[in-house]
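Q: Here it is, the structure in full.
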Amino acid sequence: MTTTTPETSRGRGDSFMHVVRRACSTPAGRSDLRRGLNIVLADLEHPTGDAGESRWPLYTHLMAAGYQPPATANAELPKLLVAALYATHDAPNPRTFETTGTAPEAPFKPWHNLGWSFATACHRGVMTRDSATGTLGYLAELDQTTLQREIPAVVERLRSAKVRIIWPLLLKDLLRWPHQPAQVRLGWARSFHSTDSEETVK
C-alpha cells in the first residue's frame with residue numbers, strides 16, 4: 001500500500017481540481033457535477049456496492065476531462081465530493097463566463113486550509129470565535145465517513161458568507177484523514193490561531 005504524504009496529496013489535489021474545472025467548463029458538466037452532490041451523499045449514507053454505476057453522470061464529464069478513477073469506488077468519494085462542492089459553489093457559469101477550458105485557481109498558501117477559512121470568517125465578523133472553535137473541534141473528532149457527510153454544510157455556511165475555500169487543500173486533507181488525522185487537525189489548529197490566517201480574501 002502506498003502511503004499518502006502531504007506532498008503527494010497536494011499534487012493530486014491540484015491536478016484533480018484542474019480536471020474538475022475543465023469538466024465544469026460546459027453547461028452540462030457543471031450541472032451534472034452539481035447534481036452529483038446528492039449521489040455522493042447517498043453513497044456515504046447507504047453504500048450501494050454498485051461498482052460506481054450510480055456515479056456515471058459524474059464520470060461522463062470528469063473522465064472526458066482527464067480523470068482516472070482509483071481502484072476502488074470508496075477511495076474516490078473525497079474527490080467526487082470536492083468536485084460536486086466546487087461545481088455547486090465556485091464554478092463559473094460557462095454560459096456567461098469566457099473560458100478557454102478552465103477557470104484558474106486564485107493563488108493560495110499552504111496553510112490556507114479549513115482552519116484558515118474559519119479564521120477568515122471570524123475576522124470578517126460573519127462567525128463568532130466560539131462558534132468557529134466549536135465547529136472545528138467537532139469536525140476534528142469525526143471519522144472519515146461522518147466528516148465527509150458534514151463537509152457540505154460547513155462549505156455552504158462559509159461560501160454563503162463569501163469566505164473562500166481552497167479546494168485542493170480541502171481535498172488533500174480529506175485524502176489524508178484516514179492515515180494522518182492528527183496532522184490534519186494540527187494544521188487546522190495552527191491556521192486558525194495564526195495571525196496570518198485571518199487576512200481577508202475576496
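Just remember, in the C-alpha cells the first chain shown is A, the second B, etc., residues are 1-based per chain, and ligands are 1-based in the order shown.
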Quick one: everything within 9 Å of Asp32 in chain A, counting only C-alpha atoms, minus sequence neighbours fewer than 5 positions away in the same chain. Send it as a PyMOL selection string.
A: chain A and resi 24+27+57-58+61+84+87
Q: Might you pull out every residue within 12 Å of range 171-177 of chain A, with only C-alpha atoms counted and same-chain residues fewer than 6 positions away left off, and present them as a PyMOL selection string?
A: chain A and resi 3-17+74-86+110-115+139-151+165+183-188
Q: Could you check the closest approach to Ala153 in chain A for each of A:Lys109, A:His89, A:His193, A:Arg129 and tell me which residue wins, using only C-alpha atoms?
A: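 Under the stated criterion, the closest residue is A:His89.
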Q: Give me, as a list in words, all polymer residues having an atom no more than 7 Å from Val163 in chain A, counting only C-alpha atoms and skipping those fewer than 2 positions away in the same chain.
A: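 Skipping anything fewer than 2 positions along the chain leaves Ser117, Thr120, Ala121, Leu158, Arg159, Ala161 and Ile165 of chain A.
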Q: For the residues selected in the previous step, produce a file with all heavy atoms as a PDB file, in the first residue's frame.
A:
```pdb
ATOM      1  N   SER A 117      -9.913  29.171   6.711  1.00  0.00           N
ATOM      2  CA  SER A 117     -11.219  29.656   6.273  1.00  0.00           C
ATOM      3  C   SER A 117     -12.069  30.078   7.467  1.00  0.00           C
ATOM      4  O   SER A 117     -12.731  31.128   7.442  1.00  0.00           O
ATOM      5  CB  SER A 117     -11.944  28.576   5.462  1.00  0.00           C
ATOM      6  OG  SER A 117     -11.276  28.301   4.253  1.00  0.00           O
ATOM      7  N   THR A 120     -10.766  33.317   8.827  1.00  0.00           N
ATOM      8  CA  THR A 120     -11.192  34.419   7.971  1.00  0.00           C
ATOM      9  C   THR A 120     -12.637  34.812   8.275  1.00  0.00           C
ATOM     10  O   THR A 120     -12.981  36.002   8.325  1.00  0.00           O
ATOM     11  CB  THR A 120     -11.046  34.028   6.488  1.00  0.00           C
ATOM     12  OG1 THR A 120      -9.683  33.697   6.218  1.00  0.00           O
ATOM     13  CG2 THR A 120     -11.474  35.165   5.576  1.00  0.00           C
ATOM     14  N   ALA A 121     -13.489  33.808   8.492  1.00  0.00           N
ATOM     15  CA  ALA A 121     -14.887  34.083   8.831  1.00  0.00           C
ATOM     16  C   ALA A 121     -14.984  34.873  10.135  1.00  0.00           C
ATOM     17  O   ALA A 121     -15.779  35.811  10.245  1.00  0.00           O
ATOM     18  CB  ALA A 121     -15.666  32.774   8.938  1.00  0.00           C
ATOM     19  N   LEU A 158     -19.728  28.641   4.953  1.00  0.00           N
ATOM     20  CA  LEU A 158     -18.605  29.529   4.652  1.00  0.00           C
ATOM     21  C   LEU A 158     -18.794  30.253   3.322  1.00  0.00           C
ATOM     22  O   LEU A 158     -18.585  31.464   3.226  1.00  0.00           O
ATOM     23  CB  LEU A 158     -17.303  28.737   4.651  1.00  0.00           C
ATOM     24  CG  LEU A 158     -16.850  28.200   6.014  1.00  0.00           C
ATOM     25  CD1 LEU A 158     -15.710  27.204   5.838  1.00  0.00           C
ATOM     26  CD2 LEU A 158     -16.414  29.339   6.942  1.00  0.00           C
ATOM     27  N   ARG A 159     -19.202  29.529   2.290  1.00  0.00           N
ATOM     28  CA  ARG A 159     -19.325  30.158   0.976  1.00  0.00           C
ATOM     29  C   ARG A 159     -20.499  31.137   0.931  1.00  0.00           C
ATOM     30  O   ARG A 159     -20.457  32.123   0.208  1.00  0.00           O
ATOM     31  CB  ARG A 159     -19.481  29.091  -0.118  1.00  0.00           C
ATOM     32  CG  ARG A 159     -18.243  28.250  -0.340  1.00  0.00           C
ATOM     33  CD  ARG A 159     -17.013  29.093  -0.724  1.00  0.00           C
ATOM     34  NE  ARG A 159     -17.198  29.759  -2.015  1.00  0.00           N
ATOM     35  CZ  ARG A 159     -17.065  31.064  -2.193  1.00  0.00           C
ATOM     36  NH1 ARG A 159     -16.743  31.864  -1.178  1.00  0.00           N
ATOM     37  NH2 ARG A 159     -17.228  31.583  -3.386  1.00  0.00           N
ATOM     38  N   ALA A 161     -21.204  33.095   3.151  1.00  0.00           N
ATOM     39  CA  ALA A 161     -20.651  34.312   3.746  1.00  0.00           C
ATOM     40  C   ALA A 161     -19.477  34.853   2.924  1.00  0.00           C
ATOM     41  O   ALA A 161     -18.765  35.748   3.377  1.00  0.00           O
ATOM     42  CB  ALA A 161     -20.205  34.044   5.177  1.00  0.00           C
ATOM     43  N   ILE A 165     -12.940  28.874   0.099  1.00  0.00           N
ATOM     44  CA  ILE A 165     -12.488  27.514   0.351  1.00  0.00           C
ATOM     45  C   ILE A 165     -11.388  27.210  -0.656  1.00  0.00           C
ATOM     46  O   ILE A 165     -11.568  27.427  -1.858  1.00  0.00           O
ATOM     47  CB  ILE A 165     -13.634  26.492   0.172  1.00  0.00           C
ATOM     48  CG1 ILE A 165     -14.773  26.769   1.151  1.00  0.00           C
ATOM     49  CG2 ILE A 165     -13.105  25.067   0.324  1.00  0.00           C
ATOM     50  CD1 ILE A 165     -14.446  26.467   2.586  1.00  0.00           C
TER      51      ILE A 165
END
```
Q: Would you return as a PyMOL selection string the members of range 33-194 of chain A that DSSP assigns to alpha helix (DSSP H) on this structure's backbone?
A: chain A and resi 33-45+56-64+77-89+114-124+129-140+144-160+167-176+181-193
Q: Would you kindly return, as a PDB file with N, CA and C atoms, in the first residue's frame, each protein, DNA or RNA residue with an atom no farther than 12 Å from any atom of Ser131 in chain A, considering only C-alpha atoms and excluding same-chain residues fewer than 6 positions away?
A:
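See part30.pdb below for the written result:
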```pdb
ATOM      1  N   PHE A 118     -12.040  29.281   8.529  1.00  0.00           N
ATOM      2  CA  PHE A 118     -12.796  29.638   9.729  1.00  0.00           C
ATOM      3  C   PHE A 118     -12.232  30.898  10.380  1.00  0.00           C
ATOM      4  N   ALA A 119     -10.913  31.028  10.396  1.00  0.00           N
ATOM      5  CA  ALA A 119     -10.306  32.236  10.954  1.00  0.00           C
ATOM      6  C   ALA A 119     -10.707  33.460  10.148  1.00  0.00           C
ATOM      7  N   ALA A 121     -13.489  33.808   8.492  1.00  0.00           N
ATOM      8  CA  ALA A 121     -14.887  34.083   8.831  1.00  0.00           C
ATOM      9  C   ALA A 121     -14.984  34.873  10.135  1.00  0.00           C
ATOM     10  N   CYS A 122     -14.157  34.512  11.108  1.00  0.00           N
ATOM     11  CA  CYS A 122     -14.154  35.256  12.374  1.00  0.00           C
ATOM     12  C   CYS A 122     -13.662  36.680  12.168  1.00  0.00           C
ATOM     13  N   GLY A 125     -16.214  38.906  10.824  1.00  0.00           N
ATOM     14  CA  GLY A 125     -17.385  39.091  11.668  1.00  0.00           C
ATOM     15  C   GLY A 125     -18.602  38.307  11.242  1.00  0.00           C
ATOM     16  N   GLY A 137     -13.648  21.955  16.348  1.00  0.00           N
ATOM     17  CA  GLY A 137     -13.426  20.896  17.313  1.00  0.00           C
ATOM     18  C   GLY A 137     -14.322  19.696  17.065  1.00  0.00           C
ATOM     19  N   TYR A 138     -15.557  19.956  16.678  1.00  0.00           N
ATOM     20  CA  TYR A 138     -16.486  18.878  16.351  1.00  0.00           C
ATOM     21  C   TYR A 138     -15.993  18.096  15.136  1.00  0.00           C
ATOM     22  N   VAL A 154     -20.751  22.637   6.139  1.00  0.00           N
ATOM     23  CA  VAL A 154     -19.687  23.570   6.523  1.00  0.00           C
ATOM     24  C   VAL A 154     -19.322  24.471   5.342  1.00  0.00           C
ATOM     25  N   ARG A 157     -22.030  27.032   4.655  1.00  0.00           N
ATOM     26  CA  ARG A 157     -22.005  28.135   5.625  1.00  0.00           C
ATOM     27  C   ARG A 157     -20.905  29.139   5.288  1.00  0.00           C
TER      28      ARG A 157
END
```
Q: Neighbours of Tyr59 in chain A within 10 Å (only C-alpha atoms; same-chain residues fewer than 6 positions away dropped), as a ChimeraX atom specification?
A: /A:23,29,32-33,36,52-53,65,67-69,80
Q: Expressed in Å to a single decimal, how great is the separation between CA of Pro92 in chain A and CA of Pro70 in chain A?
A: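 Those two atoms sit 27.2 Å apart.
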